[in-house]
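Notes to accompany the following structure.
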Amino acid sequence: MGAPTHRESSSDAIANREITLSIAEKKGCGTTGRSGRARCGSPAGRGDLPAETWQKVKNHPCYSEEAHHHYARMHVAVAPACNIQCNYCNRKYDCANESRPGVVSERLTPEQAVRKVMAVASKIPQMTVLGIAGPGDPLANPERTFKTFELVHKAAPDLKLCLSTNGLALPDHIDSIAKFNVDHVTITINMINPEIGAKIYPWIFYKHKRYTGIEAAKILTDRQLQGLEMLTGRGILCKINSVMIPGINDQHLIKVNKSVKQRGAFLHNIMPLISSPEHGTAFGLNGQRGPTARELKALQDSCEGDMHMMRHCRQCRADAVGLLGEDRRAEFTTERIEQMDVKYDAEGRKAYQAKVEEERAAKAAAECAVLTERADSFGGIKVLAAVATKGSGLINEHFGHAKEFQVYELSSGGVKFIGHRRVDLYCQGGYAEEGSLATIIHAISDCHVVFIARIGGCPRDALIKAGVEPVDQYAHEPIDKSTIAWFKAYLDRVNSGAIKHIEHGDAAIRRGTLNSAA
Ligand code: CLF
Ligand code: SF4
């Protein structure tokens, strides 16, 4: 135990950092016994992940929160048809189980898809995963889906292959999934109780017949759970996506979580319903609301136990390209690809990724050292921190330009990612709007602090009034290291009596504290 040493490989150091974070996720802290000492590593070196699993997740941006800062994925929209109807989906758009409603992808043939994959892989060496996620259900289009995987695997065997499905046809395709080297499968499971399912799915099309109501939902849930068991039995990593629909399946998702955990799912991604009348979906038209950020976090927290929860999903499109949250589709339209000189440089990609791993390892070792040094004085205090970032794990966004904030929980376990908070753009055309500023402040009002690269005088004052401390002294520095450094100073202030620690929810009390300290 102890901080990673020079003998550790890059993978070990990063794995150990994830162990530290996962200890925090499970137990709220990375301490052992009464010593209160931080655990930056374990004798096994890979903590609770078998080596084989670690190899699968370490550079998959969805399966590893830490990896999503460094590695990109792309989707190819080769699967137009669907075999079920979800009340949050409008067929004019992409599969809402793995994307936002209201956006449409360019449909590709398998041959066009592989050309696009090679073009992207030659320009983005950190693109490590190819996913098929729509625009309908990939397994309702098995020929196109598996032909694409076959061609991509031949042309670029270093890419991980990933599939997202509603699960209805899954048990029929397990052999093909294994045969074509797809080692990451996402199943969207929104219920295990058919009565709840009947409120989410008006119909399914199964074995040449249309089923409705409870009967349809019963078939769907049986097939989903059967498919999950078959996949995990083959050692294929499974992620479960669930759409949180307040008043319909919100509390029920805790049971879903237990059920999929028992069947060996690796990761659970509870996503918010995005619902609006202009999407033309059944839920949008009947006024079904989505959850608030706080409701989503509370549900994710209550599901968090022995199973990893995904909190960094960006509900991306069926033709997404780039790092999660980044949109590089425009660089790879069919027209542009035709004019590109595509050179797939396998060795160059390998060298680039090795360099990324070295940087990750150095960063992980530095963070681990900070945690070990400071664990004794962290006590049981936890605070939420919002961060304005453009990516790369840095605090590098101006408050006025932030379209969203990443939210982290700081505690004795270190820095734990909690989720994204989308906000309206506050600074449009160089001037601020009162209403937008209020929206932003409301979005992060449960946070003690917001880290930004820069901030103007007005929003700074408004944040302080709202009880959120604006901090710009760590501009362009790494998020983890900076937030821990700030947290240490915060604890020193608490210990010296300069400020009183107030829990997350008590913004009104915190406001008084900050104002008097300011
Ligand atoms: Fe794509 Fe999905 Fe594979 Fe990732 S996305 S098929 S597992 S490579 Fe990722 Fe996008 Fe969220 Fe999906 S952020 S919507 S979870
Ligand atoms: Fe729409 Fe996807 Fe549901 Fe099919 S599975 S109805 S494409 S959200």
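So you can find residues: chains in the structure tokens are A, B, ... in the order shown, residues in each start at 1, and ligands are numbered from 1 in order.
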Can you pull out every residue with an atom within 9 Å of ligand 2? Use only C-alpha atoms and all ligand atoms and format it as a PyMOL selection string.
chain A and resi 80-91+93-99+101+133-137+165-167+188+201+204
Keeping only N, CA and C atoms, take the residues you just selected and write them out as a tab-separated table (two decimals), in the first residue's frame.
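Result file selection06.tsv:
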chain	number	residue	atom	x	y	z
A	80	PRO	N	-31.48	1.68	-38.68
A	80	PRO	CA	-32.65	2.57	-38.66
A	80	PRO	C	-33.91	1.99	-38.00
A	81	ALA	N	-34.13	0.67	-38.06
A	81	ALA	CA	-35.43	0.13	-37.60
A	81	ALA	C	-35.45	-0.11	-36.10
A	82	CYS	N	-36.66	-0.14	-35.54
A	82	CYS	CA	-36.81	-0.49	-34.13
A	82	CYS	C	-37.96	-1.48	-33.97
A	83	ASN	N	-37.88	-2.29	-32.91
A	83	ASN	CA	-38.87	-3.34	-32.69
A	83	ASN	C	-39.77	-3.07	-31.48
A	84	ILE	N	-39.62	-1.91	-30.86
A	84	ILE	CA	-40.52	-1.56	-29.76
A	84	ILE	C	-40.87	-0.07	-29.87
A	85	GLN	N	-41.81	0.37	-29.06
A	85	GLN	CA	-42.07	1.81	-28.98
A	85	GLN	C	-41.92	2.25	-27.52
A	86	CYS	N	-41.09	3.25	-27.30
A	86	CYS	CA	-40.95	3.83	-25.96
A	86	CYS	C	-41.70	5.16	-25.95
A	87	ASN	N	-42.33	5.48	-24.83
A	87	ASN	CA	-43.11	6.72	-24.77
A	87	ASN	C	-42.25	7.98	-24.76
A	88	TYR	N	-40.93	7.81	-24.65
A	88	TYR	CA	-40.06	8.99	-24.69
A	88	TYR	C	-39.37	9.10	-26.05
A	89	CYS	N	-39.84	8.35	-27.03
A	89	CYS	CA	-39.19	8.34	-28.35
A	89	CYS	C	-40.14	8.80	-29.44
A	90	ASN	N	-39.60	9.59	-30.36
A	90	ASN	CA	-40.31	9.96	-31.57
A	90	ASN	C	-39.48	9.42	-32.72
A	91	ARG	N	-40.07	8.55	-33.53
A	91	ARG	CA	-39.30	7.86	-34.57
A	91	ARG	C	-38.65	8.78	-35.60
A	93	TYR	N	-36.66	10.87	-34.81
A	93	TYR	CA	-35.33	11.16	-34.27
A	93	TYR	C	-34.61	9.87	-33.91
A	94	ASP	N	-33.43	10.03	-33.27
A	94	ASP	CA	-32.62	8.86	-32.92
A	94	ASP	C	-33.15	8.15	-31.68
A	95	CYS	N	-32.65	6.91	-31.47
A	95	CYS	CA	-33.04	6.13	-30.30
A	95	CYS	C	-32.73	6.92	-29.02
A	96	ALA	N	-33.79	7.25	-28.30
A	96	ALA	CA	-33.61	8.08	-27.10
A	96	ALA	C	-33.01	7.30	-25.95
A	97	ASN	N	-32.85	5.96	-26.11
A	97	ASN	CA	-32.18	5.19	-25.05
A	97	ASN	C	-30.70	5.50	-25.00
A	98	GLU	N	-30.15	6.06	-26.06
A	98	GLU	CA	-28.72	6.32	-26.10
A	98	GLU	C	-28.45	7.67	-26.77
A	99	SER	N	-29.44	8.55	-26.72
A	99	SER	CA	-29.20	9.87	-27.30
A	99	SER	C	-30.30	10.81	-26.87
A	101	PRO	N	-33.50	13.20	-27.42
A	101	PRO	CA	-34.55	13.34	-28.44
A	101	PRO	C	-34.37	14.66	-29.19
A	133	ALA	N	-25.44	2.53	-31.85
A	133	ALA	CA	-26.45	2.89	-30.85
A	133	ALA	C	-27.71	3.42	-31.53
A	134	GLY	N	-27.91	3.07	-32.77
A	134	GLY	CA	-29.12	3.57	-33.41
A	134	GLY	C	-28.88	3.91	-34.86
A	135	PRO	N	-29.76	4.73	-35.41
A	135	PRO	CA	-30.81	5.54	-34.76
A	135	PRO	C	-32.00	4.74	-34.25
A	136	GLY	N	-32.17	3.47	-34.65
A	136	GLY	CA	-33.21	2.62	-34.06
A	136	GLY	C	-32.55	1.68	-33.07
A	137	ASP	N	-32.89	0.38	-33.16
A	137	ASP	CA	-32.24	-0.58	-32.27
A	137	ASP	C	-31.27	-1.43	-33.09
A	165	THR	N	-28.63	-1.62	-26.90
A	165	THR	CA	-29.89	-2.21	-27.38
A	165	THR	C	-31.00	-2.10	-26.35
A	166	ASN	N	-32.24	-2.18	-26.84
A	166	ASN	CA	-33.37	-2.23	-25.90
A	166	ASN	C	-33.54	-3.64	-25.33
A	167	GLY	N	-32.85	-4.63	-25.87
A	167	GLY	CA	-32.78	-5.96	-25.27
A	167	GLY	C	-33.81	-6.95	-25.77
A	188	THR	N	-30.91	-1.14	-22.28
A	188	THR	CA	-31.76	-0.16	-21.58
A	188	THR	C	-32.84	-0.93	-20.85
A	201	TYR	N	-43.99	1.53	-22.30
A	201	TYR	CA	-43.95	0.94	-23.65
A	201	TYR	C	-45.36	0.64	-24.15
A	204	ILE	N	-44.70	-3.71	-28.42
A	204	ILE	CA	-43.45	-4.29	-28.92
A	204	ILE	C	-43.82	-5.17	-30.11
Can I get the residues close to ligand 1 as a PyMOL selection string, where close means within 6 Å and we count only C-alpha atoms and all ligand atoms?
-> chain A and resi 62+73+98-99+129+131-133+162-164+313-316+324
I need the chosen residues saved as a PDB file, in the first residue's frame, with N, CA, C and O atoms.
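Dumped to out.pdb:
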ATOM      1  N   CYS A  62     -16.980   5.527 -21.606  1.00  0.00           N
ATOM      2  CA  CYS A  62     -18.240   5.397 -20.864  1.00  0.00           C
ATOM      3  C   CYS A  62     -18.086   4.489 -19.654  1.00  0.00           C
ATOM      4  O   CYS A  62     -18.702   4.707 -18.617  1.00  0.00           O
ATOM      5  N   ARG A  73     -14.976   8.308 -28.269  1.00  0.00           N
ATOM      6  CA  ARG A  73     -15.732   7.239 -28.935  1.00  0.00           C
ATOM      7  C   ARG A  73     -16.395   7.833 -30.172  1.00  0.00           C
ATOM      8  O   ARG A  73     -16.515   9.042 -30.311  1.00  0.00           O
ATOM      9  N   GLU A  98     -30.155   6.061 -26.062  1.00  0.00           N
ATOM     10  CA  GLU A  98     -28.718   6.318 -26.104  1.00  0.00           C
ATOM     11  C   GLU A  98     -28.447   7.665 -26.767  1.00  0.00           C
ATOM     12  O   GLU A  98     -27.408   7.890 -27.332  1.00  0.00           O
ATOM     13  N   SER A  99     -29.436   8.548 -26.721  1.00  0.00           N
ATOM     14  CA  SER A  99     -29.202   9.866 -27.303  1.00  0.00           C
ATOM     15  C   SER A  99     -30.305  10.811 -26.865  1.00  0.00           C
ATOM     16  O   SER A  99     -31.273  10.388 -26.269  1.00  0.00           O
ATOM     17  N   VAL A 129     -13.078   3.620 -29.133  1.00  0.00           N
ATOM     18  CA  VAL A 129     -14.297   2.801 -29.098  1.00  0.00           C
ATOM     19  C   VAL A 129     -15.218   3.154 -30.263  1.00  0.00           C
ATOM     20  O   VAL A 129     -15.504   4.327 -30.508  1.00  0.00           O
ATOM     21  N   GLY A 131     -19.072   2.553 -31.312  1.00  0.00           N
ATOM     22  CA  GLY A 131     -20.352   2.082 -30.806  1.00  0.00           C
ATOM     23  C   GLY A 131     -21.432   2.133 -31.880  1.00  0.00           C
ATOM     24  O   GLY A 131     -21.414   2.992 -32.770  1.00  0.00           O
ATOM     25  N   ILE A 132     -22.365   1.185 -31.817  1.00  0.00           N
ATOM     26  CA  ILE A 132     -23.572   1.274 -32.659  1.00  0.00           C
ATOM     27  C   ILE A 132     -24.739   1.430 -31.697  1.00  0.00           C
ATOM     28  O   ILE A 132     -24.961   0.582 -30.820  1.00  0.00           O
ATOM     29  N   ALA A 133     -25.435   2.533 -31.846  1.00  0.00           N
ATOM     30  CA  ALA A 133     -26.453   2.894 -30.854  1.00  0.00           C
ATOM     31  C   ALA A 133     -27.709   3.425 -31.531  1.00  0.00           C
ATOM     32  O   ALA A 133     -28.472   4.173 -30.933  1.00  0.00           O
ATOM     33  N   CYS A 162     -18.697  -1.698 -29.349  1.00  0.00           N
ATOM     34  CA  CYS A 162     -19.690  -1.444 -28.311  1.00  0.00           C
ATOM     35  C   CYS A 162     -21.084  -1.387 -28.951  1.00  0.00           C
ATOM     36  O   CYS A 162     -21.246  -0.910 -30.077  1.00  0.00           O
ATOM     37  N   LEU A 163     -22.073  -1.866 -28.226  1.00  0.00           N
ATOM     38  CA  LEU A 163     -23.419  -1.988 -28.782  1.00  0.00           C
ATOM     39  C   LEU A 163     -24.418  -1.542 -27.722  1.00  0.00           C
ATOM     40  O   LEU A 163     -24.260  -1.861 -26.549  1.00  0.00           O
ATOM     41  N   SER A 164     -25.469  -0.855 -28.156  1.00  0.00           N
ATOM     42  CA  SER A 164     -26.508  -0.448 -27.207  1.00  0.00           C
ATOM     43  C   SER A 164     -27.859  -0.915 -27.733  1.00  0.00           C
ATOM     44  O   SER A 164     -28.210  -0.636 -28.879  1.00  0.00           O
ATOM     45  N   CYS A 313     -22.552  10.268 -18.185  1.00  0.00           N
ATOM     46  CA  CYS A 313     -23.183  10.061 -19.498  1.00  0.00           C
ATOM     47  C   CYS A 313     -23.599  11.405 -20.103  1.00  0.00           C
ATOM     48  O   CYS A 313     -24.083  12.292 -19.408  1.00  0.00           O
ATOM     49  N   ARG A 314     -23.405  11.547 -21.413  1.00  0.00           N
ATOM     50  CA  ARG A 314     -23.776  12.795 -22.083  1.00  0.00           C
ATOM     51  C   ARG A 314     -24.959  12.604 -23.018  1.00  0.00           C
ATOM     52  O   ARG A 314     -25.258  13.452 -23.828  1.00  0.00           O
ATOM     53  N   GLN A 315     -25.624  11.480 -22.908  1.00  0.00           N
ATOM     54  CA  GLN A 315     -26.790  11.195 -23.750  1.00  0.00           C
ATOM     55  C   GLN A 315     -26.513  11.634 -25.188  1.00  0.00           C
ATOM     56  O   GLN A 315     -27.203  12.484 -25.760  1.00  0.00           O
ATOM     57  N   CYS A 316     -25.478  10.991 -25.746  1.00  0.00           N
ATOM     58  CA  CYS A 316     -24.983  11.475 -27.023  1.00  0.00           C
ATOM     59  C   CYS A 316     -25.745  10.888 -28.217  1.00  0.00           C
ATOM     60  O   CYS A 316     -26.495   9.938 -28.075  1.00  0.00           O
ATOM     61  N   LEU A 324     -16.542  12.560 -24.882  1.00  0.00           N
ATOM     62  CA  LEU A 324     -17.926  12.741 -24.440  1.00  0.00           C
ATOM     63  C   LEU A 324     -18.155  14.233 -24.198  1.00  0.00           C
ATOM     64  O   LEU A 324     -17.348  14.887 -23.555  1.00  0.00           O
TER      65      LEU A 324
END
What separates CA of Lys258 in chain A and CA of Asp301 in chain A is a distance of 13.5 Å
message: So that I can check the surroundings of Lys154 in chain A, please list as an MDAnalysis selection string every protein, DNA and RNA residue that reaches within 12 Å of it, counting only C-alpha atoms and ignoring chain neighbours fewer than 3 positions away.
response: chainID A and resid 114 117:118 147:151 157:159 161 180:181
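Each of A:Arg317, A:Arg234, A:Arg115, A:Lys179 was checked against Ala155 in chain A using only C-alpha atoms; the smallest atom-to-atom distance is that of A:Arg115.
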Residue among A:Asn249, A:Thr212, A:Gln262, A:Thr281 lying closest to Lys92 in chain A, counting only C-alpha atoms: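 Closest candidate: A:Thr281.
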Exercise for the section: Do a neighbour search on Pro246 in chain A at 9 Å with only C-alpha atoms, toss out local chain neighbours closer than 4 positions, and write the hits as a list in words. Expected result: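 Listed by chain and then number, they are Asp250, Gln251, Leu273, Gln288, Arg289, Gly290, Pro291 and Glu295 of chain A.
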Where does DSSP see strand (DSSP E or B) in range 96-143 of chain A, if you list the residues as a PyMOL selection string?
chain A and resi 127-132+135
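Proximity of A:Asn59, A:Ser411, A:Thr221, A:Thr109 to Thr334 in chain A, computed with only C-alpha atoms, is greatest for A:Thr109.
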